[in-house]
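Participant: Before I ask anything, here is the structure I am working with.
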Amino acid sequence: MINPPVTDFATDFDHTDEAWVADPYPIMDDLRERCPVAHSDRYGGLWAPMTYDAVAAIANDTEHFTSRTVVINNGRPGDDALPAPIGVAPPISSDPPFHEIARRLLLPAFAPRPIAALEPFTRELCNQLLDAMGDADLVDASVQYAEHIPVGLIAKLCGLPAEDGEQFREFVRIVLEGVDLPAEERIEAFQPVEDYIVPAIVERRENPDDGLISYLLDAEIMGEKLSDEHVFGSILLLIVAGIDTTWSAIGSSIWHLANNPDDLARLVAHPELLPSAVEEFLRAYAPVSMARLVKDDFEFQGCPMKKDDWIFLSFPAANRDPKAFDNADEVLIDREINRHSAFGLGIHRCLGSNLARMEMTVALEEWLKRYTKFELNASKPTTFSQGQVRGPRQLPLRIIERR
Amino acid sequence: MKIHLDTGKCQGHGRCYSLAPDLFDCDDMGTALVLVTGELNDEQLAKAKLAEGNCPEFAITIGD
C-alpha cells in the first residue's frame, strides 16, 4: 500500500511523500509560516511542528509525550504488547524513570575517550574504501563510500563480522522504510532481523568477547542481568540508529560540497574549518526526525492532540527556523554560534553523537585529502532516502581534480 | 565573569569540551564538567562564550 500524493502538507502531512523526500526544506519553511504545526489523518493521526520552540518543548516534555515507539507507521504498540516503560529498543523507546537506567548502561561506551580510540580504525577503513575506488573519474560517494563507514564501526563495536554489513543495511531498510505498509506486513518483514540478532546473542553468551553484545549480557540492573528482550532491543537500536544516520550525514556533506564549489575550495584550502563545517552540515542537513506518541488527550500550542496521535519531531525543521538561527536558510561553513538540534534535545540526545561526529570528521578529512574538486554526475540520478532519516542513497559524482 | 553550568540541563552533547577543552572536560558518561570555576581572563571569556553559544540545551551561562 502506497499513500496517495499529498496536495496540502498543512492538513494532510506525510513525510513519506515524494515531494518531501525530494526537497523538504521549502515545505518546512512554508508550513512554519502558515501553521506552524501541520496535521494529518494519516497513520491514525499525526502532528508535525515546524518551529524550533515547539520541537524543543515536545522533546523536553516526557509527561505528555511518550517515546514508546519512535518510527511512525500504521500500527500502535498495544499497552501490553511491549514492556511499556522499556519499549522495543531501549533506551530510545524508554520513558523515565527506566530510560536513565538503560541509557547509563550504554553511555560509557559512547563517551568521547572510547570513541576517540576508534579514530585510527575509522581512518584505515576510509582509506581502504578510497583505495578501492582507484583512479576512476565517475564514483558514487554513497554506494562506494558513505554507506560502508558506519557499518564497519557498528560491526566492530558490537563484535559482529564486518562482512555482515550488507545485511545490516537491509535491517535498517526494514525498520525505517515501508512504514505505510499494514502493521501485519511490517511485523512479518521484521522476522529476518530477529533471525540474525537472536543467534548472535546466543553465540556471544557462549563465547564472550570485548564487544557491546557481551558487555550488555554481562551488565546488571539492580543486581539482575538484563532480559533477553532488553539486550536484543539495544543491539537492534545500535544497528538501526547507528548506520543510515551517519551514512546520511556523510553523504549530505559530500552532496553539499559537490553542489557548492566555493565551499569545497575553501574547505580544501582551510581544513581548520572542518569542525565548524561539520556542525553546519549537521544543522542544515540534519538526517533524523524522531517521533513521539501523545500520552493522553492534551492541547499543545492550540492543537487538540488525542491519545496515541503521532508527533513527527522534525529536528531538521527546528534547525531551519529563522527565529532560532541567523540566516537559517544559508549554509555557512564557518558559522560560529550553532546550537543545532541534529542529535535531538533533552534526555534522548543521540547516544552515538560522539561516534557520529568522529566518523563524519574522519570521512570528510580523508575524502578531501584525495578529491579536491568534484561535481554531481548529472547523467545519473541522485536519490534520497524516504522516511525519518534523510540522506543521499545514490550520489554519483564526477571527480575533476585529485591529489 | 564566571562559567555557570546547569548539570540538570546538560545532556552530554559535548560541544563545550570540544570547543573549549581548557575550560571544560567530561565524566565517564560524557556529561560536562567545568575546569575553571573562578574569574575568567579575556581569552578564557571568549572561549567560554563560544561554548555557551553552542550548547544545544542552554545549560551554560556566563555571568557574575
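Residues in the C-alpha cells are numbered from 1 in each chain, the chains being A, B, ... in the order shown, and ligands are numbered from 1 in the order shown.
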Only residues of chain B matter here; which ones have an atom within 6 Å of chain A, counting only C-alpha atoms? Give them as an MDAnalysis selection string.
Facilitator: chainID B and resid 28:30 53:56
Participant: Using only C-alpha atoms, determine which residues lie at most 7 Å from stretch 17-27 of chain B, disregarding the query and same-chain residues fewer than 3 positions distant; provide the list as a list of chain:residue names.
Facilitator: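 Listing them by chain and then by number gives B:Gly14, B:Gly30, B:Thr31, B:Ala32, B:Leu33, B:Val34, B:Leu35, B:Val36, B:Lys47, B:Ala48, B:Ala51.
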Participant: Include C-alpha atoms and write out the residues we just selected as a PDB file, in the first residue's frame.
Facilitator:
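After the write, part14.pdb holds the following:
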```
ATOM      1  CA  GLY B  14      29.933  17.605  24.188  1.00  0.00           C
ATOM      2  CA  GLY B  30      30.125  12.322  28.658  1.00  0.00           C
ATOM      3  CA  THR B  31      28.468  14.868  30.956  1.00  0.00           C
ATOM      4  CA  ALA B  32      30.225  18.238  31.079  1.00  0.00           C
ATOM      5  CA  LEU B  33      32.477  19.342  33.931  1.00  0.00           C
ATOM      6  CA  VAL B  34      33.750  22.886  34.475  1.00  0.00           C
ATOM      7  CA  LEU B  35      37.534  23.090  34.868  1.00  0.00           C
ATOM      8  CA  VAL B  36      37.809  26.820  35.549  1.00  0.00           C
ATOM      9  CA  LYS B  47      36.175  30.615  24.598  1.00  0.00           C
ATOM     10  CA  ALA B  48      33.555  30.350  27.321  1.00  0.00           C
ATOM     11  CA  ALA B  51      30.827  27.158  24.491  1.00  0.00           C
TER      12      ALA B  51
END
```
Participant: Give me the residues near stretch 32-49 of chain A as a PyMOL selection string, where near means some atom within 6 Å (using only C-alpha atoms) and where sequence neighbours in that chain fewer than 5 positions away do not count.
Facilitator: chain A and resi 10-13+73-74+309-312
Participant: Atom CA of A:Ser93 to atom CA of A:Ile221: how many Å, to one decimal?
Facilitator: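 That distance, rounded to one decimal, is 17.4 Å.
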Participant: Would you list the contacts of B:Ile62 as number ranges by chain, taking every protein, DNA or RNA residue within 7 Å and counting only C-alpha atoms, but skipping same-chain residues closer than 3 positions in sequence?
Facilitator: B: 1-4, 49
Participant: Generate the output file for the selected residues, N, CA and C atoms, as a PDB file, in the first residue's frame.
Facilitator:
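Contents of the output file selection.pdb:
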```pdb
ATOM      1  N   MET B   1      33.689  37.686  35.385  1.00  0.00           N
ATOM      2  CA  MET B   1      32.743  36.759  34.763  1.00  0.00           C
ATOM      3  C   MET B   1      33.162  35.309  35.011  1.00  0.00           C
ATOM      4  N   LYS B   2      32.154  34.468  35.287  1.00  0.00           N
ATOM      5  CA  LYS B   2      32.426  33.058  35.593  1.00  0.00           C
ATOM      6  C   LYS B   2      31.527  32.146  34.755  1.00  0.00           C
ATOM      7  N   ILE B   3      31.910  30.876  34.705  1.00  0.00           N
ATOM      8  CA  ILE B   3      31.101  29.884  33.993  1.00  0.00           C
ATOM      9  C   ILE B   3      30.085  29.273  34.959  1.00  0.00           C
ATOM     10  N   HIS B   4      28.833  29.257  34.523  1.00  0.00           N
ATOM     11  CA  HIS B   4      27.801  28.555  35.296  1.00  0.00           C
ATOM     12  C   HIS B   4      27.251  27.415  34.445  1.00  0.00           C
ATOM     13  N   LYS B  49      32.322  31.965  25.961  1.00  0.00           N
ATOM     14  CA  LYS B  49      31.130  32.434  25.238  1.00  0.00           C
ATOM     15  C   LYS B  49      30.834  31.550  24.030  1.00  0.00           C
TER      16      LYS B  49
END
```
